[in-house]
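Undergrad: Let me give you the structure first, and then I'll get to my questions.
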Amino acid sequence: MKTMHNIDSYTHVRGESLFVDDIITRQDTLFGLVFDAPKAHGKIKSVNYRKAEALEGIVKIFTYEDIIGENQIGGILPDEPLWAEDEVHFWGQPIAFIVAESETIAKKARQLIDIEIEELPVITTAKEAKTKGSFINAPRSFSLGNTEEAFNNCDYMLEGETFSNGQEHLYLETQGCYAIPQENGSIKLISSTQGPTAIQKIAARVLGVPMHKIEVDVTRLGGGFGGKEDQATPWAVMTAVAVQHLGKPVKYILNRHDDLRMTGKRHPYSSFFKIGLNKELKIIAFEAEFLQNSGAAADLSPAIAERTLFHATNSYFVPNVKTSVYSCKTNLPPNTAFRGFGGPQGMFVIESAIAAAADHIGVDKRLIQEANLLAENDEFSYGQIATQVEAESTWFSAKNTFKLETLEQEIIAFNENNELFKKGISLMPIAFGISFTNTPMNHARALVHIYQDGSVGVSTGAVEMGQSVNTKMLQVAQDILGISAAKVKLETTNTTRVANTSPSAASSTADLNGKAVQMACNALLDRLTKVAAEMIEEDVTTITIQNDRVHIHGKESKLSWEDLIAQAMLERVALSENAHYATPIINFDKTKEKGHPFAYHVYGTAITTVTVDCMRGIYEIDAVKIVHDFGKSMNIGIDLGQVEGALAQGIGWMTLEEIAYGNDGRLLSNALSTYKVPDIFSAPRMIETVPLETAGNDMAIFKSKAVGEPPLMYGIGTYFAIQQAVKAFNKKYKLKFHAPFTPEKVLMALYEK
């Protein structure tokens, strides 16, 4: 397969790539702005819009009373109104939608709205929610073996608690939509969304119209990371309601502060573990209870909670497991999907349990990790049997490739010779399942047109959001059809061309949509080779197409691609194909909590080294050295970029990015002055990624495994490397598992007595 650079790079660096806010607007376009709740929980006693409505340039202020259909945008559970009615349940909850002739007028109007709220008790933490019995839905549990009996046979046993905070998506392009009226009551929504069909479906529900009246179009996103899977929906639906009433285009692009305040984050988790081992350091039993801070409505929390259970044992085999998760309802904005989708929160807990066990026993953490790595035919707690397992391969490859023992000796020597600087090292193995855990979502379609001049248009349900999925789709079409890349165009993602799509998420976008493109192109190729065989009077089995020409027995003929297409047109051969792909094999029975939910797993191991300044509590990440299971990468340049980006995001979550809410439910980390994300000075001084040599997996497109989410979990290793350095300086420090490990926390740990 021919590899290629990201096809968007050229227009990106020239500033020519189009996002929602770049679209040329009609002259009669109006502008929207949300009026949101200034309290986290309470009954709405009154709202006075009179002063705002009297402002010149205000067209209309929409509330729930203007909804013709249903005031409900919940996806998994119908528990989230588009606009609040009698109560507000989180600070930032939309109450009204101001439509004005300009953004400036809309902002002035928002300041003129008076609201009276009778405040009610506010819950901000998952622990408090559980104590008060405040849940989104019923808890879920996975089990394997018998933990109660197994703990009785353990030589070492201990319990502990962990906390991992939320994380702001901070996509470069904020949420937004441009809604345009069409003929006969139809509406076109140009949205920054990972889930075009979700917007189409929910807009139709709220407007009280059939789905075919709503067209959703997406060119690309300026970042998503899960934050635009469900949470792009309300803003698009609001603009659609306004267009339905006013018959004019309406544009709404959230400013950064509004986006931060009103949108959900990665879920914070408070978790409790119990782990038991024997003298050979085998983990005999593991129990965990996860308290997920879901926020005020379900959003995707139940699905995220489920994936936490799927990844609760990471890349280890534990014969006796019992894990439970509670989706706790609080008065925060509904938390949502974020790269890893609950998996990182689960993995952090078992890594913390292993670290605590190692400290308790007095051994190196990696000895416990290594003794318990998954092997072929081991069983996960959810019933799937592990096959094509690369846990040990990546682990030992990383140890040998990067000379782990030498690194460890160098760190020991450094620490012995330096009083105020200490180094730490950690290993972080990963095993991440690829598929939507909701089996019916694992399907995709592709529509491929070959035009009369031989150029090709490809439409899929994949949304391009910086992960270069369009480049990979182009590679698939180019490779199968045997033509040059210049002949292939990736169309926008549009619900009228490719309907009923799953969101671009779960690291499954390239696999699902790529397989659909593969099927469509193979069907077209089959027709075209028959035409070519007739034209040159050769057996069809001898015909291939390569480099824009027909080949016979592998040798170039005089017949060009363009001439072949011209003849196919004359013979009225179909040059369009619509293909549907559904992932085979996968299944999961939620009544039994058992099944085979994943097409395959991605494996890898990262070795992280850090240096801590023990006077100031600050630290540098010296290096992250990774052996990663790409399968047979179809584009190693893009895949390496995904590893590095995901790693940086994981490091940020574990070390810097601290979401803070006040006891009243107000977001305190509401700007980049109070919410810190990794910058160039936070990046590892060295990142080295070595692809594992492997046969790949047939369930992956061209055996090239998914790469979007798994590498984020490598960032967890940074936490434990820093912790080891702290322990080297302060022998009295007692291990804590409270992420992120910010410089402030490190400084306190260094001088803990």
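By order in the structure tokens, chains are A, B, ...; within a chain, residues start at 1; ligands start at 1, following the order shown.
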Report as a PyMOL selection string all protein, DNA and RNA residues lying within 6 Å of range 453-460 of chain A, evaluated on only C-alpha atoms, omitting residues in the same chain fewer than 6 positions from it.

TA: chain A and resi 446-447+487-491+562+565

Undergrad: Store the residues of this selection in a file with all heavy atoms, as a PDB file, in the first residue's frame.

TA:
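Saved result, selection09.pdb, follows:
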```pdb
ATOM      1  N   ALA A 446     -20.514   3.263   2.864  1.00  0.00           N
ATOM      2  CA  ALA A 446     -19.727   4.130   1.984  1.00  0.00           C
ATOM      3  C   ALA A 446     -20.424   4.225   0.641  1.00  0.00           C
ATOM      4  O   ALA A 446     -20.976   3.239   0.142  1.00  0.00           O
ATOM      5  CB  ALA A 446     -18.321   3.576   1.808  1.00  0.00           C
ATOM      6  N   LEU A 447     -20.404   5.403   0.070  1.00  0.00           N
ATOM      7  CA  LEU A 447     -20.950   5.647  -1.265  1.00  0.00           C
ATOM      8  C   LEU A 447     -19.811   6.120  -2.153  1.00  0.00           C
ATOM      9  O   LEU A 447     -19.170   7.141  -1.868  1.00  0.00           O
ATOM     10  CB  LEU A 447     -22.050   6.717  -1.200  1.00  0.00           C
ATOM     11  CG  LEU A 447     -22.672   7.152  -2.525  1.00  0.00           C
ATOM     12  CD1 LEU A 447     -23.382   5.993  -3.212  1.00  0.00           C
ATOM     13  CD2 LEU A 447     -23.633   8.317  -2.306  1.00  0.00           C
ATOM     14  N   LYS A 487      -6.838  11.460  -8.241  1.00  0.00           N
ATOM     15  CA  LYS A 487      -8.132  11.155  -8.851  1.00  0.00           C
ATOM     16  C   LYS A 487      -9.253  10.971  -7.809  1.00  0.00           C
ATOM     17  O   LYS A 487     -10.415  10.825  -8.175  1.00  0.00           O
ATOM     18  CB  LYS A 487      -8.036   9.879  -9.693  1.00  0.00           C
ATOM     19  CG  LYS A 487      -7.291  10.052 -11.017  1.00  0.00           C
ATOM     20  CD  LYS A 487      -7.336   8.775 -11.826  1.00  0.00           C
ATOM     21  CE  LYS A 487      -6.904   8.994 -13.268  1.00  0.00           C
ATOM     22  NZ  LYS A 487      -5.529   9.460 -13.408  1.00  0.00           N
ATOM     23  N   VAL A 488      -8.892  10.940  -6.517  1.00  0.00           N
ATOM     24  CA  VAL A 488      -9.874  10.622  -5.473  1.00  0.00           C
ATOM     25  C   VAL A 488     -10.150  11.846  -4.611  1.00  0.00           C
ATOM     26  O   VAL A 488      -9.224  12.522  -4.160  1.00  0.00           O
ATOM     27  CB  VAL A 488      -9.384   9.471  -4.575  1.00  0.00           C
ATOM     28  CG1 VAL A 488     -10.455   9.094  -3.564  1.00  0.00           C
ATOM     29  CG2 VAL A 488      -8.992   8.264  -5.423  1.00  0.00           C
ATOM     30  N   LYS A 489     -11.426  12.106  -4.387  1.00  0.00           N
ATOM     31  CA  LYS A 489     -11.839  13.201  -3.504  1.00  0.00           C
ATOM     32  C   LYS A 489     -12.700  12.637  -2.376  1.00  0.00           C
ATOM     33  O   LYS A 489     -13.604  11.845  -2.612  1.00  0.00           O
ATOM     34  CB  LYS A 489     -12.650  14.249  -4.274  1.00  0.00           C
ATOM     35  CG  LYS A 489     -13.175  15.385  -3.390  1.00  0.00           C
ATOM     36  CD  LYS A 489     -14.203  16.231  -4.119  1.00  0.00           C
ATOM     37  CE  LYS A 489     -14.793  17.288  -3.200  1.00  0.00           C
ATOM     38  NZ  LYS A 489     -15.941  17.994  -3.832  1.00  0.00           N
ATOM     39  N   LEU A 490     -12.381  13.058  -1.133  1.00  0.00           N
ATOM     40  CA  LEU A 490     -13.216  12.704   0.008  1.00  0.00           C
ATOM     41  C   LEU A 490     -14.255  13.799   0.195  1.00  0.00           C
ATOM     42  O   LEU A 490     -13.911  14.970   0.378  1.00  0.00           O
ATOM     43  CB  LEU A 490     -12.372  12.560   1.267  1.00  0.00           C
ATOM     44  CG  LEU A 490     -11.931  11.138   1.627  1.00  0.00           C
ATOM     45  CD1 LEU A 490     -13.131  10.287   2.001  1.00  0.00           C
ATOM     46  CD2 LEU A 490     -11.147  10.494   0.504  1.00  0.00           C
ATOM     47  N   GLU A 491     -15.526  13.409   0.132  1.00  0.00           N
ATOM     48  CA  GLU A 491     -16.609  14.379   0.276  1.00  0.00           C
ATOM     49  C   GLU A 491     -16.854  14.695   1.747  1.00  0.00           C
ATOM     50  O   GLU A 491     -16.371  14.002   2.646  1.00  0.00           O
ATOM     51  CB  GLU A 491     -17.897  13.811  -0.344  1.00  0.00           C
ATOM     52  CG  GLU A 491     -17.760  13.359  -1.789  1.00  0.00           C
ATOM     53  CD  GLU A 491     -17.597  14.513  -2.774  1.00  0.00           C
ATOM     54  OE1 GLU A 491     -17.664  15.689  -2.347  1.00  0.00           O
ATOM     55  OE2 GLU A 491     -17.394  14.238  -3.969  1.00  0.00           O
ATOM     56  N   GLU A 562      -8.844   5.924 -17.797  1.00  0.00           N
ATOM     57  CA  GLU A 562      -9.847   6.807 -18.388  1.00  0.00           C
ATOM     58  C   GLU A 562     -10.574   6.129 -19.549  1.00  0.00           C
ATOM     59  O   GLU A 562     -11.808   6.259 -19.687  1.00  0.00           O
ATOM     60  CB  GLU A 562      -9.189   8.113 -18.868  1.00  0.00           C
ATOM     61  CG  GLU A 562      -8.755   9.057 -17.768  1.00  0.00           C
ATOM     62  CD  GLU A 562      -7.436   8.675 -17.107  1.00  0.00           C
ATOM     63  OE1 GLU A 562      -6.792   7.688 -17.561  1.00  0.00           O
ATOM     64  OE2 GLU A 562      -7.045   9.354 -16.139  1.00  0.00           O
ATOM     65  N   ILE A 565     -13.046   3.600 -18.156  1.00  0.00           N
ATOM     66  CA  ILE A 565     -14.267   4.219 -17.616  1.00  0.00           C
ATOM     67  C   ILE A 565     -15.173   4.678 -18.762  1.00  0.00           C
ATOM     68  O   ILE A 565     -16.408   4.528 -18.695  1.00  0.00           O
ATOM     69  CB  ILE A 565     -13.917   5.398 -16.688  1.00  0.00           C
ATOM     70  CG1 ILE A 565     -13.078   4.914 -15.499  1.00  0.00           C
ATOM     71  CG2 ILE A 565     -15.177   6.100 -16.196  1.00  0.00           C
ATOM     72  CD1 ILE A 565     -13.707   3.791 -14.699  1.00  0.00           C
TER      73      ILE A 565
END
```

Undergrad: Please identify the alpha helix (DSSP H) residues within range 477-529 of chain A (assignment by DSSP from backbone atoms) and present them as a JSON list (two decimals) with N, CA and C atoms, in the first residue's frame.

TA:
```
[["chain", "number", "residue", "atom", "x", "y", "z"],
["A", 477, "ALA", "N", -9.35, 3.62, -1.15],
["A", 477, "ALA", "CA", -9.91, 3.72, -2.49],
["A", 477, "ALA", "C", -8.82, 3.67, -3.56],
["A", 478, "GLN", "N", -7.76, 4.41, -3.34],
["A", 478, "GLN", "CA", -6.66, 4.46, -4.30],
["A", 478, "GLN", "C", -6.03, 3.09, -4.49],
["A", 479, "ASP", "N", -5.80, 2.40, -3.39],
["A", 479, "ASP", "CA", -5.12, 1.12, -3.45],
["A", 479, "ASP", "C", -5.97, 0.07, -4.17],
["A", 480, "ILE", "N", -7.25, 0.01, -3.86],
["A", 480, "ILE", "CA", -8.10, -1.03, -4.44],
["A", 480, "ILE", "C", -8.38, -0.75, -5.91],
["A", 481, "LEU", "N", -8.65, 0.51, -6.23],
["A", 481, "LEU", "CA", -8.97, 0.85, -7.63],
["A", 481, "LEU", "C", -7.72, 0.94, -8.50],
["A", 509, "THR", "N", -13.49, 4.37, 13.73],
["A", 509, "THR", "CA", -13.92, 5.08, 12.52],
["A", 509, "THR", "C", -13.22, 4.57, 11.27],
["A", 510, "ALA", "N", -11.90, 4.41, 11.33],
["A", 510, "ALA", "CA", -11.16, 3.96, 10.15],
["A", 510, "ALA", "C", -11.52, 2.52, 9.80],
["A", 511, "ASP", "N", -11.65, 1.66, 10.82],
["A", 511, "ASP", "CA", -11.99, 0.26, 10.56],
["A", 511, "ASP", "C", -13.36, 0.14, 9.91],
["A", 512, "LEU", "N", -14.37, 0.72, 10.54],
["A", 512, "LEU", "CA", -15.75, 0.56, 10.05],
["A", 512, "LEU", "C", -15.94, 1.18, 8.68],
["A", 513, "ASN", "N", -15.55, 2.44, 8.55],
["A", 513, "ASN", "CA", -15.76, 3.13, 7.28],
["A", 513, "ASN", "C", -14.78, 2.67, 6.22],
["A", 514, "GLY", "N", -13.57, 2.32, 6.64],
["A", 514, "GLY", "CA", -12.59, 1.80, 5.68],
["A", 514, "GLY", "C", -13.03, 0.48, 5.08],
["A", 515, "LYS", "N", -13.60, -0.39, 5.92],
["A", 515, "LYS", "CA", -14.11, -1.68, 5.40],
["A", 515, "LYS", "C", -15.26, -1.45, 4.42],
["A", 516, "ALA", "N", -16.09, -0.44, 4.70],
["A", 516, "ALA", "CA", -17.20, -0.13, 3.79],
["A", 516, "ALA", "C", -16.66, 0.39, 2.46],
["A", 517, "VAL", "N", -15.67, 1.27, 2.51],
["A", 517, "VAL", "CA", -15.04, 1.77, 1.27],
["A", 517, "VAL", "C", -14.40, 0.61, 0.51],
["A", 518, "GLN", "N", -13.76, -0.27, 1.23],
["A", 518, "GLN", "CA", -13.12, -1.45, 0.62],
["A", 518, "GLN", "C", -14.15, -2.29, -0.13],
["A", 519, "MET", "N", -15.30, -2.53, 0.50],
["A", 519, "MET", "CA", -16.35, -3.32, -0.14],
["A", 519, "MET", "C", -16.89, -2.63, -1.38],
["A", 520, "ALA", "N", -17.13, -1.33, -1.29],
["A", 520, "ALA", "CA", -17.67, -0.59, -2.43],
["A", 520, "ALA", "C", -16.68, -0.59, -3.60],
["A", 521, "CYS", "N", -15.42, -0.34, -3.30],
["A", 521, "CYS", "CA", -14.40, -0.28, -4.36],
["A", 521, "CYS", "C", -14.16, -1.65, -4.98],
["A", 522, "ASN", "N", -14.22, -2.69, -4.17],
["A", 522, "ASN", "CA", -14.06, -4.04, -4.73],
["A", 522, "ASN", "C", -15.21, -4.40, -5.67],
["A", 523, "ALA", "N", -16.42, -3.98, -5.32],
["A", 523, "ALA", "CA", -17.57, -4.24, -6.20],
["A", 523, "ALA", "C", -17.40, -3.50, -7.53],
["A", 524, "LEU", "N", -16.93, -2.26, -7.48],
["A", 524, "LEU", "CA", -16.69, -1.49, -8.70],
["A", 524, "LEU", "C", -15.56, -2.12, -9.51],
["A", 525, "LEU", "N", -14.52, -2.53, -8.81],
["A", 525, "LEU", "CA", -13.38, -3.13, -9.50],
["A", 525, "LEU", "C", -13.77, -4.41, -10.21],
["A", 526, "ASP", "N", -14.64, -5.18, -9.59],
["A", 526, "ASP", "CA", -15.09, -6.43, -10.20],
["A", 526, "ASP", "C", -15.79, -6.15, -11.53],
["A", 527, "ARG", "N", -16.65, -5.13, -11.56],
["A", 527, "ARG", "CA", -17.34, -4.78, -12.82],
["A", 527, "ARG", "C", -16.35, -4.30, -13.87],
["A", 528, "LEU", "N", -15.41, -3.45, -13.43],
["A", 528, "LEU", "CA", -14.49, -2.84, -14.38],
["A", 528, "LEU", "C", -13.51, -3.84, -14.98],
["A", 529, "THR", "N", -13.07, -4.80, -14.20],
["A", 529, "THR", "CA", -12.15, -5.81, -14.76],
["A", 529, "THR", "C", -12.85, -6.67, -15.81]]
```

Undergrad: Determine, counting only C-alpha atoms, which protein, DNA and RNA residues have an atom within 8 Å of an atom of Val349 in chain A; residues of the same chain fewer than 4 positions away are not included. Present the result as a list in words.

TA: Thr162, Ser271, Phe272, Phe273, Ala288, Ala312, Gln345 and Ala353 of chain A

Undergrad: Can you write just those residues out, N, CA, C and O atoms, as a compact mmCIF listing (two decimals), in the first residue's frame?

TA:
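The result, stored in result.txt:
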```txt
# COMPACT_ATOMS: atom_id res chain seq x y z
N THR A 162 -8.68 5.54 45.21
CA THR A 162 -8.07 6.39 44.18
C THR A 162 -9.05 7.48 43.76
O THR A 162 -10.26 7.37 43.96
N SER A 271 -12.71 5.87 43.37
CA SER A 271 -12.74 4.40 43.25
C SER A 271 -12.09 3.75 44.46
O SER A 271 -11.22 4.34 45.12
N PHE A 272 -12.51 2.53 44.71
CA PHE A 272 -12.01 1.77 45.84
C PHE A 272 -11.59 0.38 45.34
O PHE A 272 -12.31 -0.23 44.55
N PHE A 273 -10.43 -0.09 45.81
CA PHE A 273 -9.95 -1.39 45.33
C PHE A 273 -9.56 -2.29 46.49
O PHE A 273 -9.26 -1.84 47.60
N ALA A 288 -13.04 -3.95 42.59
CA ALA A 288 -13.03 -2.50 42.47
C ALA A 288 -14.45 -1.98 42.42
O ALA A 288 -15.34 -2.61 41.82
N ALA A 312 -11.04 -2.75 33.41
CA ALA A 312 -10.68 -2.66 34.83
C ALA A 312 -9.45 -3.47 35.18
O ALA A 312 -8.80 -3.21 36.20
N GLN A 345 -9.81 5.63 33.26
CA GLN A 345 -10.18 5.67 34.67
C GLN A 345 -10.09 4.29 35.31
O GLN A 345 -9.68 4.14 36.45
N ALA A 353 -3.50 -0.04 42.40
CA ALA A 353 -3.56 -1.22 43.29
C ALA A 353 -2.24 -1.98 43.24
O ALA A 353 -1.73 -2.44 44.27
```

Undergrad: Any idea what's packed within 10 Å of range 385-392 of chain A, counting only C-alpha atoms, ignoring anything in its chain fewer than 3 positions away? Could you give it as a PDB file with N, CA and C atoms, in the first residue's frame?

TA:
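To be explicit, this is the file written out as selection-v4.pdb:
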```pdb
ATOM      1  N   SER A 315      -4.069  -4.924  31.091  1.00  0.00           N
ATOM      2  CA  SER A 315      -3.456  -5.989  30.286  1.00  0.00           C
ATOM      3  C   SER A 315      -3.002  -7.160  31.151  1.00  0.00           C
ATOM      4  N   TYR A 316      -3.724  -7.376  32.258  1.00  0.00           N
ATOM      5  CA  TYR A 316      -3.363  -8.445  33.186  1.00  0.00           C
ATOM      6  C   TYR A 316      -4.445  -9.520  33.214  1.00  0.00           C
ATOM      7  N   PHE A 317      -4.012 -10.749  33.487  1.00  0.00           N
ATOM      8  CA  PHE A 317      -4.983 -11.810  33.721  1.00  0.00           C
ATOM      9  C   PHE A 317      -5.153 -11.986  35.227  1.00  0.00           C
ATOM     10  N   GLU A 370       4.809  -7.652  35.443  1.00  0.00           N
ATOM     11  CA  GLU A 370       5.337  -8.666  34.524  1.00  0.00           C
ATOM     12  C   GLU A 370       4.799 -10.056  34.833  1.00  0.00           C
ATOM     13  N   ALA A 371       4.579 -10.342  36.099  1.00  0.00           N
ATOM     14  CA  ALA A 371       4.119 -11.679  36.507  1.00  0.00           C
ATOM     15  C   ALA A 371       2.670 -11.942  36.130  1.00  0.00           C
ATOM     16  N   ASN A 372       1.938 -10.908  35.738  1.00  0.00           N
ATOM     17  CA  ASN A 372       0.497 -11.070  35.535  1.00  0.00           C
ATOM     18  C   ASN A 372       0.015 -10.667  34.147  1.00  0.00           C
ATOM     19  N   LEU A 373       0.922 -10.502  33.193  1.00  0.00           N
ATOM     20  CA  LEU A 373       0.536 -10.084  31.851  1.00  0.00           C
ATOM     21  C   LEU A 373      -0.347 -11.134  31.175  1.00  0.00           C
ATOM     22  N   LEU A 374      -1.278 -10.640  30.385  1.00  0.00           N
ATOM     23  CA  LEU A 374      -2.180 -11.523  29.640  1.00  0.00           C
ATOM     24  C   LEU A 374      -1.396 -12.461  28.729  1.00  0.00           C
ATOM     25  N   ALA A 375      -1.900 -13.675  28.618  1.00  0.00           N
ATOM     26  CA  ALA A 375      -1.347 -14.656  27.689  1.00  0.00           C
ATOM     27  C   ALA A 375      -2.462 -15.179  26.790  1.00  0.00           C
ATOM     28  N   GLU A 376      -2.092 -15.872  25.742  1.00  0.00           N
ATOM     29  CA  GLU A 376      -3.066 -16.408  24.785  1.00  0.00           C
ATOM     30  C   GLU A 376      -4.102 -17.275  25.502  1.00  0.00           C
ATOM     31  N   ASN A 377      -5.363 -17.037  25.160  1.00  0.00           N
ATOM     32  CA  ASN A 377      -6.512 -17.792  25.674  1.00  0.00           C
ATOM     33  C   ASN A 377      -6.870 -17.497  27.133  1.00  0.00           C
ATOM     34  N   ASP A 378      -6.278 -16.466  27.718  1.00  0.00           N
ATOM     35  CA  ASP A 378      -6.758 -16.003  29.024  1.00  0.00           C
ATOM     36  C   ASP A 378      -8.149 -15.415  28.857  1.00  0.00           C
ATOM     37  N   GLU A 379      -8.916 -15.425  29.934  1.00  0.00           N
ATOM     38  CA  GLU A 379     -10.292 -14.914  29.875  1.00  0.00           C
ATOM     39  C   GLU A 379     -10.384 -13.563  30.565  1.00  0.00           C
ATOM     40  N   PHE A 380     -11.045 -12.617  29.885  1.00  0.00           N
ATOM     41  CA  PHE A 380     -11.365 -11.340  30.508  1.00  0.00           C
ATOM     42  C   PHE A 380     -12.577 -11.518  31.424  1.00  0.00           C
ATOM     43  N   SER A 381     -12.781 -10.582  32.332  1.00  0.00           N
ATOM     44  CA  SER A 381     -13.886 -10.705  33.287  1.00  0.00           C
ATOM     45  C   SER A 381     -15.248 -10.653  32.606  1.00  0.00           C
ATOM     46  N   TYR A 382     -15.295 -10.181  31.364  1.00  0.00           N
ATOM     47  CA  TYR A 382     -16.555 -10.088  30.634  1.00  0.00           C
ATOM     48  C   TYR A 382     -16.753 -11.265  29.672  1.00  0.00           C
ATOM     49  N   TRP A 395       5.870  -5.909  26.094  1.00  0.00           N
ATOM     50  CA  TRP A 395       6.563  -5.699  27.368  1.00  0.00           C
ATOM     51  C   TRP A 395       8.052  -6.063  27.257  1.00  0.00           C
ATOM     52  N   PHE A 396       8.322  -7.267  26.795  1.00  0.00           N
ATOM     53  CA  PHE A 396       9.712  -7.715  26.731  1.00  0.00           C
ATOM     54  C   PHE A 396      10.477  -7.026  25.605  1.00  0.00           C
ATOM     55  N   SER A 397       9.771  -6.672  24.553  1.00  0.00           N
ATOM     56  CA  SER A 397      10.412  -5.909  23.478  1.00  0.00           C
ATOM     57  C   SER A 397      10.844  -4.542  23.989  1.00  0.00           C
ATOM     58  N   ALA A 398       9.984  -3.904  24.783  1.00  0.00           N
ATOM     59  CA  ALA A 398      10.332  -2.599  25.356  1.00  0.00           C
ATOM     60  C   ALA A 398      11.522  -2.731  26.311  1.00  0.00           C
ATOM     61  N   PRO A 429       1.927  -0.940  30.704  1.00  0.00           N
ATOM     62  CA  PRO A 429       1.378  -1.762  29.624  1.00  0.00           C
ATOM     63  C   PRO A 429      -0.079  -1.391  29.374  1.00  0.00           C
ATOM     64  N   ILE A 430      -0.553  -1.606  28.168  1.00  0.00           N
ATOM     65  CA  ILE A 430      -1.958  -1.339  27.859  1.00  0.00           C
ATOM     66  C   ILE A 430      -2.553  -2.486  27.043  1.00  0.00           C
ATOM     67  N   ALA A 431      -3.843  -2.680  27.233  1.00  0.00           N
ATOM     68  CA  ALA A 431      -4.635  -3.558  26.366  1.00  0.00           C
ATOM     69  C   ALA A 431      -5.984  -2.885  26.221  1.00  0.00           C
ATOM     70  N   GLY A 595     -19.757 -11.925  26.995  1.00  0.00           N
ATOM     71  CA  GLY A 595     -19.814 -11.945  25.539  1.00  0.00           C
ATOM     72  C   GLY A 595     -18.447 -11.730  24.925  1.00  0.00           C
ATOM     73  N   HIS A 596     -18.464 -11.329  23.663  1.00  0.00           N
ATOM     74  CA  HIS A 596     -17.250 -11.081  22.879  1.00  0.00           C
ATOM     75  C   HIS A 596     -17.412  -9.694  22.255  1.00  0.00           C
ATOM     76  N   TYR A 600     -10.956  -6.803  18.309  1.00  0.00           N
ATOM     77  CA  TYR A 600      -9.577  -7.150  18.667  1.00  0.00           C
ATOM     78  C   TYR A 600      -9.111  -6.178  19.750  1.00  0.00           C
ATOM     79  N   HIS A 601      -7.928  -6.434  20.283  1.00  0.00           N
ATOM     80  CA  HIS A 601      -7.324  -5.546  21.268  1.00  0.00           C
ATOM     81  C   HIS A 601      -6.030  -4.957  20.712  1.00  0.00           C
ATOM     82  N   VAL A 602      -5.720  -3.757  21.166  1.00  0.00           N
ATOM     83  CA  VAL A 602      -4.444  -3.115  20.861  1.00  0.00           C
ATOM     84  C   VAL A 602      -3.577  -3.187  22.117  1.00  0.00           C
ATOM     85  N   TYR A 603      -2.311  -3.558  21.934  1.00  0.00           N
ATOM     86  CA  TYR A 603      -1.395  -3.722  23.059  1.00  0.00           C
ATOM     87  C   TYR A 603      -0.210  -2.765  22.923  1.00  0.00           C
ATOM     88  N   GLY A 604       0.470  -2.572  24.022  1.00  0.00           N
ATOM     89  CA  GLY A 604       1.674  -1.747  23.992  1.00  0.00           C
ATOM     90  C   GLY A 604       2.270  -1.614  25.373  1.00  0.00           C
ATOM     91  N   THR A 605       3.520  -1.131  25.430  1.00  0.00           N
ATOM     92  CA  THR A 605       4.200  -0.875  26.699  1.00  0.00           C
ATOM     93  C   THR A 605       5.030   0.392  26.562  1.00  0.00           C
ATOM     94  N   HIS A 628       4.706  -0.254  20.461  1.00  0.00           N
ATOM     95  CA  HIS A 628       3.258  -0.200  20.242  1.00  0.00           C
ATOM     96  C   HIS A 628       2.833  -1.182  19.160  1.00  0.00           C
ATOM     97  N   ASP A 629       1.675  -1.754  19.370  1.00  0.00           N
ATOM     98  CA  ASP A 629       1.080  -2.731  18.453  1.00  0.00           C
ATOM     99  C   ASP A 629       0.192  -2.013  17.436  1.00  0.00           C
ATOM    100  N   LEU A 692       5.700  -2.686  16.960  1.00  0.00           N
ATOM    101  CA  LEU A 692       5.897  -4.113  17.197  1.00  0.00           C
ATOM    102  C   LEU A 692       5.709  -4.863  15.882  1.00  0.00           C
ATOM    103  N   THR A 694       4.321  -7.586  13.881  1.00  0.00           N
ATOM    104  CA  THR A 694       3.180  -8.474  14.107  1.00  0.00           C
ATOM    105  C   THR A 694       2.451  -8.710  12.796  1.00  0.00           C
ATOM    106  N   ALA A 695       1.654  -9.761  12.759  1.00  0.00           N
ATOM    107  CA  ALA A 695       0.900 -10.093  11.542  1.00  0.00           C
ATOM    108  C   ALA A 695      -0.329  -9.221  11.373  1.00  0.00           C
ATOM    109  N   GLY A 696      -0.692  -8.434  12.398  1.00  0.00           N
ATOM    110  CA  GLY A 696      -1.891  -7.620  12.305  1.00  0.00           C
ATOM    111  C   GLY A 696      -3.141  -8.433  12.571  1.00  0.00           C
ATOM    112  N   ASN A 697      -4.272  -7.819  12.330  1.00  0.00           N
ATOM    113  CA  ASN A 697      -5.548  -8.477  12.603  1.00  0.00           C
ATOM    114  C   ASN A 697      -6.495  -8.255  11.434  1.00  0.00           C
TER     115      ASN A 697
END
```

Undergrad: Restricting the calculation to only C-alpha atoms, which member of A:Pro302, A:Gly69, A:Gly383, A:Gly75 is positioned closest to Gln244 in chain A?

TA: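 Looking at the shortest contact to Gln244 in chain A, the residue is A:Gly69.
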
Undergrad: May I have the residues within 6 Å of Ser507 in chain A as number ranges by chain, using only C-alpha atoms and disregarding those fewer than 3 positions away in the same chain?

TA: A: 706, 708-709

Undergrad: Mind checking which residues fall within 7 Å of Gly208 in chain A, counting only C-alpha atoms, ignoring those fewer than 4 positions away in the same chain, and posting them as a VMD selection string?

TA: chain A and resid 68 to 70 204

Undergrad: CA of Asn293 in chain A and CA of Lys329 in chain A, how far apart in Å?

TA: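 Between CA of Lys329 in chain A and CA of Asn293 in chain A the gap is 6.7 Å.
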
Undergrad: Within 9 Å of Ala236 in chain A, counting only C-alpha atoms, which residues qualify if same-chain residues fewer than 6 places away don't, as number ranges by chain?

TA: A: 176-179, 189-192, 199, 203, 252
